[in-house]
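Visitor: Contents of data_14.cif (mmCIF, C-alpha atoms) are below:
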data_target
loop_
_atom_site.group_PDB
_atom_site.id
_atom_site.type_symbol
_atom_site.label_atom_id
_atom_site.label_comp_id
_atom_site.auth_asym_id
_atom_site.auth_seq_id
_atom_site.Cartn_x
_atom_site.Cartn_y
_atom_site.Cartn_z
ATOM 1 C CA MET A 1 0.000 0.000 0.000
ATOM 2 C CA PHE A 2 1.265 3.496 -0.815
ATOM 3 C CA VAL A 3 1.041 6.333 1.711
ATOM 4 C CA ASN A 4 1.694 10.021 1.074
ATOM 5 C CA ILE A 5 5.118 10.969 2.524
ATOM 6 C CA LYS A 6 3.410 13.828 4.346
ATOM 7 C CA ASP A 7 1.682 11.199 6.484
ATOM 8 C CA VAL A 8 4.676 9.008 7.436
ATOM 9 C CA GLY A 9 7.235 11.255 9.146
ATOM 10 C CA GLU A 10 10.946 10.445 9.109
ATOM 11 C CA THR A 11 11.547 7.148 7.337
ATOM 12 C CA TYR A 12 14.816 5.253 6.974
ATOM 13 C CA PHE A 13 15.840 2.721 4.333
ATOM 14 C CA SER A 14 18.259 -0.153 4.948
ATOM 15 C CA SER A 15 18.791 -2.210 1.769
ATOM 16 C CA CYS A 16 17.155 -4.340 -0.925
ATOM 17 C CA GLU A 17 20.000 -6.862 -0.543
ATOM 18 C CA ASN A 18 18.120 -9.659 1.252
ATOM 19 C CA CYS A 19 14.575 -8.675 0.356
ATOM 20 C CA GLN A 20 12.080 -11.428 -0.395
ATOM 21 C CA ASN A 21 9.193 -9.138 -1.415
ATOM 22 C CA ASP A 22 7.857 -8.958 -4.941
ATOM 23 C CA CYS A 23 7.883 -5.177 -5.305
ATOM 24 C CA CYS A 24 8.380 -5.517 -9.065
ATOM 25 C CA SER A 25 5.302 -7.723 -9.409
ATOM 26 C CA ALA A 26 1.727 -6.631 -9.761
ATOM 27 C CA PRO A 27 -1.351 -8.357 -11.184
ATOM 28 C CA LEU A 28 -2.431 -5.136 -12.898
ATOM 29 C CA VAL A 29 -0.736 -2.793 -15.339
ATOM 30 C CA SER A 30 1.867 -0.698 -13.506
ATOM 31 C CA LEU A 31 2.671 2.789 -14.727
ATOM 32 C CA ALA A 32 5.129 5.409 -13.519
ATOM 33 C CA PRO A 33 5.046 9.121 -14.324
ATOM 34 C CA LEU A 34 7.991 10.448 -16.312
ATOM 35 C CA ILE A 35 9.529 13.854 -16.713
ATOM 36 C CA LEU A 36 11.345 14.795 -19.910
ATOM 37 C CA GLU A 37 14.770 14.429 -18.286
ATOM 38 C CA ASP A 38 14.005 10.776 -17.464
ATOM 39 C CA ILE A 39 12.970 9.624 -20.936
ATOM 40 C CA GLU A 40 16.503 8.690 -22.008
ATOM 41 C CA TYR A 41 16.781 6.359 -18.993
ATOM 42 C CA ALA A 42 13.440 4.698 -19.636
ATOM 43 C CA TYR A 43 12.936 4.414 -23.384
ATOM 44 C CA LYS A 44 15.674 1.821 -23.895
ATOM 45 C CA ASN A 45 13.850 -0.818 -21.862
ATOM 46 C CA PHE A 46 10.232 0.215 -21.346
ATOM 47 C CA LEU A 47 7.227 1.273 -23.352
ATOM 48 C CA ILE A 48 6.440 4.973 -22.963
ATOM 49 C CA GLN A 49 2.882 6.198 -23.356
ATOM 50 C CA PHE A 50 1.057 9.479 -23.211
ATOM 51 C CA ALA A 51 -2.093 9.882 -21.116
ATOM 52 C CA TYR A 52 -4.516 12.707 -20.558
ATOM 53 C CA ILE A 53 -4.687 13.070 -16.742
ATOM 54 C CA ASN A 54 -6.339 15.944 -14.870
ATOM 55 C CA ASN A 55 -6.669 17.958 -18.080
ATOM 56 C CA GLU A 56 -2.941 17.652 -18.864
ATOM 57 C CA LEU A 57 -1.019 15.476 -21.278
ATOM 58 C CA ARG A 58 1.366 13.316 -19.205
ATOM 59 C CA LEU A 59 4.204 10.921 -19.997
ATOM 60 C CA LEU A 60 4.043 7.457 -18.431
ATOM 61 C CA MET A 61 6.443 4.521 -18.364
ATOM 62 C CA VAL A 62 4.762 1.112 -18.575
ATOM 63 C CA ILE A 63 6.544 -1.058 -15.986
ATOM 64 C CA ASN A 64 4.245 -4.066 -16.119
ATOM 65 C CA ARG A 65 1.671 -4.802 -18.803
ATOM 66 C CA GLY A 66 -0.349 -7.001 -16.472
ATOM 67 C CA GLU A 67 1.804 -10.097 -16.995
ATOM 68 C CA GLY A 68 2.523 -10.543 -13.262
ATOM 69 C CA SER A 69 5.850 -8.762 -12.955
ATOM 70 C CA CYS A 70 8.265 -6.501 -14.743
ATOM 71 C CA LYS A 71 9.924 -8.407 -17.591
ATOM 72 C CA TYR A 72 13.323 -7.586 -16.065
ATOM 73 C CA PHE A 73 12.455 -9.096 -12.664
ATOM 74 C CA ILE A 74 14.104 -12.513 -13.067
ATOM 75 C CA ASP A 75 14.760 -14.974 -10.240
ATOM 76 C CA ARG A 76 13.591 -12.346 -7.732
ATOM 77 C CA ARG A 77 16.245 -9.856 -8.894
ATOM 78 C CA CYS A 78 16.319 -6.951 -11.333
ATOM 79 C CA SER A 79 18.323 -7.971 -14.400
ATOM 80 C CA ILE A 80 18.877 -4.311 -15.418
ATOM 81 C CA TYR A 81 19.584 -3.035 -11.904
ATOM 82 C CA GLU A 82 22.453 -0.684 -12.866
ATOM 83 C CA GLU A 83 20.482 0.719 -15.834
ATOM 84 C CA ARG A 84 17.014 0.755 -14.279
ATOM 85 C CA PRO A 85 14.961 3.905 -14.914
ATOM 86 C CA PRO A 86 14.510 6.663 -12.315
ATOM 87 C CA ALA A 87 11.063 5.452 -11.202
ATOM 88 C CA CYS A 88 12.663 2.145 -10.219
ATOM 89 C CA ARG A 89 15.702 3.812 -8.628
ATOM 90 C CA MET A 90 13.393 5.764 -6.355
ATOM 91 C CA PHE A 91 11.387 2.800 -5.114
ATOM 92 C CA PRO A 92 9.965 2.534 -2.410
ATOM 93 C CA ILE A 93 9.259 6.218 -3.112
ATOM 94 C CA SER A 94 6.706 6.553 -5.883
ATOM 95 C CA PRO A 95 6.170 9.910 -7.555
ATOM 96 C CA TYR A 96 2.714 10.786 -8.719
ATOM 97 C CA PHE A 97 3.241 14.028 -10.594
ATOM 98 C CA ASP A 98 3.214 16.711 -7.869
ATOM 99 C CA GLN A 99 2.998 14.306 -4.892
ATOM 100 C CA PHE A 100 5.205 11.581 -3.477
ATOM 101 C CA PHE A 101 4.109 8.306 -1.930
ATOM 102 C CA ILE A 102 6.039 5.592 -0.130
ATOM 103 C CA SER A 103 5.332 1.873 -0.120
ATOM 104 C CA SER A 104 4.387 0.887 3.421
ATOM 105 C CA ASP A 105 4.883 -2.776 2.407
ATOM 106 C CA CYS A 106 8.642 -2.358 1.895
ATOM 107 C CA SER A 107 10.476 -4.417 4.522
ATOM 108 C CA ALA A 108 13.595 -2.199 4.250
ATOM 109 C CA LEU A 109 11.754 0.813 5.740
ATOM 110 C CA SER A 110 11.773 1.826 9.375
ATOM 111 C CA SER A 111 11.142 4.847 11.568
ATOM 112 C CA ASN A 112 14.280 3.943 13.568
ATOM 113 C CA LYS A 113 17.170 6.230 12.577
ATOM 114 C CA ASP A 114 19.701 3.498 13.442
ATOM 115 C CA SER A 115 18.231 1.152 10.818
ATOM 116 C CA GLY A 116 19.508 2.863 7.672
ATOM 117 C CA GLU A 117 19.740 6.030 5.658
ATOM 118 C CA LEU A 118 17.084 8.759 5.821
ATOM 119 C CA ILE A 119 14.859 8.350 2.781
ATOM 120 C CA CYS A 120 12.218 11.008 3.517
ATOM 121 C CA ASP A 121 10.485 13.117 6.091
ATOM 122 C CA GLU A 122 7.047 14.780 5.975
ATOM 123 C CA GLU A 123 8.220 17.340 3.433
ATOM 124 C CA ASN A 124 11.168 16.037 1.412
ATOM 125 C CA ILE A 125 12.918 13.112 -0.184
ATOM 126 C CA SER A 126 16.558 12.846 0.826
ATOM 127 C CA PRO A 127 18.847 14.063 -1.987
ATOM 128 C CA ASN A 128 21.243 11.254 -1.023
ATOM 129 C CA PHE A 129 18.591 8.661 -1.798
ATOM 130 C CA TYR A 130 17.812 9.599 -5.372
ATOM 131 C CA HIS A 131 19.961 11.401 -7.879
ATOM 132 C CA GLN A 132 20.588 11.039 -11.571
ATOM 133 C CA GLU A 133 23.978 9.678 -12.423
#
Represent the structure contained in this file as structure tokens.
Guide:
Amino acid sequence: MFVNIKDVGETYFSSCENCQNDCCSAPLVSLAPLILEDIEYAYKNFLIQFAYINNELRLLMVINRGEGSCKYFIDRRCSIYEERPPACRMFPISPYFDQFFISSDCSALSSNKDSGELICDEENISPNFYHQE
């Protein structure tokens, strides 16, 4: 389940290293918003579509076409991990245009500051967590 970061307070992220969750799997079509700067990262591996949302034309990256999981999620690991697009690099943060949500199902998240690196607080995403290379 995704929760607005404004509702979660300080949240810390440990690592995906030993995760057993299926965060890259979903029974429905999964889409991620894109900004123009992110297209070059996404177009090589994912379908990009346009959608009319809230009276604006938006760019979306199709992560999963309803086949059960992302086609790059193989043996419970991302096969394009080093080249994954920004929407995937940000997970468990999920942008939705002008808002940010965080996956409350992610087992690497904690409110304990000794459990990892600060990922977000009520207002911001940590600049150390996501940056373009």
Visitor: In Å, with one decimal, what is the gap from CA of Phe101 in chain A to CA of Lys71 in chain A?
Guide: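 Between CA of Phe101 in chain A and CA of Lys71 in chain A the gap is 23.6 Å.
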Visitor: Given the file above and the PyMOL selection byres ((chain A and resi 12-22) around 8), which residues are selected, and can you give them as a PDB file with C-alpha atoms, in the frame of the given file?
Guide:
ATOM      1  CA  GLU A  10      10.946  10.445   9.109  1.00  0.00           C
ATOM      2  CA  THR A  11      11.547   7.148   7.337  1.00  0.00           C
ATOM      3  CA  CYS A  23       7.883  -5.177  -5.305  1.00  0.00           C
ATOM      4  CA  CYS A  24       8.380  -5.517  -9.065  1.00  0.00           C
ATOM      5  CA  SER A  25       5.302  -7.723  -9.409  1.00  0.00           C
ATOM      6  CA  ARG A  76      13.591 -12.346  -7.732  1.00  0.00           C
ATOM      7  CA  CYS A 106       8.642  -2.358   1.895  1.00  0.00           C
ATOM      8  CA  SER A 107      10.476  -4.417   4.522  1.00  0.00           C
ATOM      9  CA  ALA A 108      13.595  -2.199   4.250  1.00  0.00           C
ATOM     10  CA  LEU A 109      11.754   0.813   5.740  1.00  0.00           C
ATOM     11  CA  SER A 110      11.773   1.826   9.375  1.00  0.00           C
ATOM     12  CA  SER A 111      11.142   4.847  11.568  1.00  0.00           C
ATOM     13  CA  ASN A 112      14.280   3.943  13.568  1.00  0.00           C
ATOM     14  CA  LYS A 113      17.170   6.230  12.577  1.00  0.00           C
ATOM     15  CA  SER A 115      18.231   1.152  10.818  1.00  0.00           C
ATOM     16  CA  GLY A 116      19.508   2.863   7.672  1.00  0.00           C
ATOM     17  CA  GLU A 117      19.740   6.030   5.658  1.00  0.00           C
ATOM     18  CA  LEU A 118      17.084   8.759   5.821  1.00  0.00           C
ATOM     19  CA  ILE A 119      14.859   8.350   2.781  1.00  0.00           C
ATOM     20  CA  CYS A 120      12.218  11.008   3.517  1.00  0.00           C
TER      21      CYS A 120
END
Visitor: When the PyMOL selection byres ((chain A and resi 45) around 12) is applied to the structure above, which residues does it catch, written out as a PDB file with C-alpha atoms, in the coordinates of the input?
Guide:
ATOM      1  CA  ILE A  39      12.970   9.624 -20.936  1.00  0.00           C
ATOM      2  CA  GLU A  40      16.503   8.690 -22.008  1.00  0.00           C
ATOM      3  CA  TYR A  41      16.781   6.359 -18.993  1.00  0.00           C
ATOM      4  CA  ALA A  42      13.440   4.698 -19.636  1.00  0.00           C
ATOM      5  CA  TYR A  43      12.936   4.414 -23.384  1.00  0.00           C
ATOM      6  CA  LYS A  44      15.674   1.821 -23.895  1.00  0.00           C
ATOM      7  CA  PHE A  46      10.232   0.215 -21.346  1.00  0.00           C
ATOM      8  CA  LEU A  47       7.227   1.273 -23.352  1.00  0.00           C
ATOM      9  CA  ILE A  48       6.440   4.973 -22.963  1.00  0.00           C
ATOM     10  CA  MET A  61       6.443   4.521 -18.364  1.00  0.00           C
ATOM     11  CA  VAL A  62       4.762   1.112 -18.575  1.00  0.00           C
ATOM     12  CA  ILE A  63       6.544  -1.058 -15.986  1.00  0.00           C
ATOM     13  CA  ASN A  64       4.245  -4.066 -16.119  1.00  0.00           C
ATOM     14  CA  CYS A  70       8.265  -6.501 -14.743  1.00  0.00           C
ATOM     15  CA  LYS A  71       9.924  -8.407 -17.591  1.00  0.00           C
ATOM     16  CA  TYR A  72      13.323  -7.586 -16.065  1.00  0.00           C
ATOM     17  CA  SER A  79      18.323  -7.971 -14.400  1.00  0.00           C
ATOM     18  CA  ILE A  80      18.877  -4.311 -15.418  1.00  0.00           C
ATOM     19  CA  TYR A  81      19.584  -3.035 -11.904  1.00  0.00           C
ATOM     20  CA  GLU A  83      20.482   0.719 -15.834  1.00  0.00           C
ATOM     21  CA  ARG A  84      17.014   0.755 -14.279  1.00  0.00           C
ATOM     22  CA  PRO A  85      14.961   3.905 -14.914  1.00  0.00           C
TER      23      PRO A  85
END
Visitor: Could you list the residues chosen by the PyMOL selection byres ((chain A and resi 33) around 9) in this structure as a list of chain:residue names?
Guide: A:Leu31, A:Ala32, A:Leu34, A:Ile35, A:Arg58, A:Leu59, A:Leu60, A:Met61, A:Ala87, A:Ser94, A:Pro95, A:Tyr96, A:Phe97
Visitor: Given only C-alpha atoms as the basis, pick out the residue of A:Asp98, A:Glu82, A:Asp38, A:Asp105 nearest to Met1 in chain A.
Guide: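 Closest to Met1 in chain A, using only C-alpha atoms: A:Asp105.
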Visitor: Output range 31-42 of chain A with all heavy atoms present, as a tab-separated table (two decimals), in the coordinates of the input.
Guide:
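Saved the output as part_5.tsv:
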chain	number	residue	atom	x	y	z
A	31	LEU	N	2.18	1.63	-14.00
A	31	LEU	CA	2.67	2.79	-14.73
A	31	LEU	C	3.42	3.71	-13.78
A	31	LEU	O	3.12	3.77	-12.60
A	31	LEU	CB	1.49	3.57	-15.33
A	31	LEU	CG	0.55	2.79	-16.22
A	31	LEU	CD1	-0.70	3.61	-16.50
A	31	LEU	CD2	1.23	2.40	-17.52
A	32	ALA	N	4.40	4.43	-14.32
A	32	ALA	CA	5.13	5.41	-13.52
A	32	ALA	C	5.20	6.71	-14.30
A	32	ALA	O	5.48	6.71	-15.50
A	32	ALA	CB	6.54	4.91	-13.21
A	33	PRO	N	4.93	7.84	-13.65
A	33	PRO	CA	5.05	9.12	-14.32
A	33	PRO	C	6.50	9.38	-14.74
A	33	PRO	O	7.43	8.96	-14.07
A	33	PRO	CB	4.62	10.13	-13.26
A	33	PRO	CG	3.93	9.35	-12.21
A	33	PRO	CD	4.49	7.97	-12.27
A	34	LEU	N	6.67	10.07	-15.84
A	34	LEU	CA	7.99	10.45	-16.31
A	34	LEU	C	8.07	11.95	-16.51
A	34	LEU	O	7.08	12.59	-16.85
A	34	LEU	CB	8.29	9.79	-17.67
A	34	LEU	CG	8.66	8.34	-17.70
A	34	LEU	CD1	8.79	7.88	-19.15
A	34	LEU	CD2	9.96	8.10	-16.97
A	35	ILE	N	9.25	12.48	-16.32
A	35	ILE	CA	9.53	13.85	-16.71
A	35	ILE	C	10.47	13.77	-17.91
A	35	ILE	O	11.12	12.75	-18.14
A	35	ILE	CB	10.13	14.69	-15.56
A	35	ILE	CG1	11.41	14.05	-15.04
A	35	ILE	CG2	9.10	14.87	-14.44
A	35	ILE	CD1	12.15	14.91	-14.01
A	36	LEU	N	10.55	14.83	-18.69
A	36	LEU	CA	11.34	14.80	-19.91
A	36	LEU	C	12.78	14.35	-19.67
A	36	LEU	O	13.35	13.59	-20.46
A	36	LEU	CB	11.32	16.16	-20.59
A	36	LEU	CG	10.00	16.55	-21.23
A	36	LEU	CD1	10.06	17.98	-21.78
A	36	LEU	CD2	9.61	15.58	-22.33
A	37	GLU	N	13.38	14.78	-18.58
A	37	GLU	CA	14.77	14.43	-18.29
A	37	GLU	C	14.96	12.93	-18.08
A	37	GLU	O	16.07	12.43	-18.21
A	37	GLU	CB	15.27	15.18	-17.04
A	37	GLU	CG	15.41	16.67	-17.24
A	37	GLU	CD	14.10	17.42	-17.02
A	37	GLU	OE1	13.06	16.79	-16.72
A	37	GLU	OE2	14.11	18.65	-17.18
A	38	ASP	N	13.90	12.21	-17.75
A	38	ASP	CA	14.00	10.78	-17.46
A	38	ASP	C	13.76	9.88	-18.67
A	38	ASP	O	13.99	8.68	-18.61
A	38	ASP	CB	13.02	10.38	-16.36
A	38	ASP	CG	13.40	10.96	-15.02
A	38	ASP	OD1	14.54	11.43	-14.87
A	38	ASP	OD2	12.55	10.93	-14.12
A	39	ILE	N	13.31	10.45	-19.78
A	39	ILE	CA	12.97	9.62	-20.94
A	39	ILE	C	14.16	8.82	-21.43
A	39	ILE	O	14.04	7.64	-21.73
A	39	ILE	CB	12.37	10.47	-22.07
A	39	ILE	CG1	10.99	10.94	-21.67
A	39	ILE	CG2	12.30	9.67	-23.37
A	39	ILE	CD1	10.34	11.86	-22.66
A	40	GLU	N	15.34	9.42	-21.49
A	40	GLU	CA	16.50	8.69	-22.01
A	40	GLU	C	16.84	7.47	-21.15
A	40	GLU	O	17.35	6.48	-21.66
A	40	GLU	CB	17.71	9.60	-22.17
A	40	GLU	CG	18.58	9.73	-20.95
A	40	GLU	CD	19.83	10.54	-21.19
A	40	GLU	OE1	19.75	11.77	-21.05
A	40	GLU	OE2	20.87	9.94	-21.50
A	41	TYR	N	16.54	7.51	-19.87
A	41	TYR	CA	16.78	6.36	-18.99
A	41	TYR	C	15.74	5.26	-19.20
A	41	TYR	O	16.02	4.10	-19.02
A	41	TYR	CB	16.76	6.78	-17.52
A	41	TYR	CG	17.92	7.65	-17.13
A	41	TYR	CD1	17.79	9.02	-17.12
A	41	TYR	CD2	19.13	7.08	-16.75
A	41	TYR	CE1	18.86	9.82	-16.75
A	41	TYR	CE2	20.20	7.87	-16.38
A	41	TYR	CZ	20.06	9.25	-16.39
A	41	TYR	OH	21.10	10.04	-16.03
A	42	ALA	N	14.54	5.66	-19.57
A	42	ALA	CA	13.44	4.70	-19.64
A	42	ALA	C	13.20	4.10	-21.02
A	42	ALA	O	12.88	2.92	-21.13
A	42	ALA	CB	12.17	5.36	-19.14
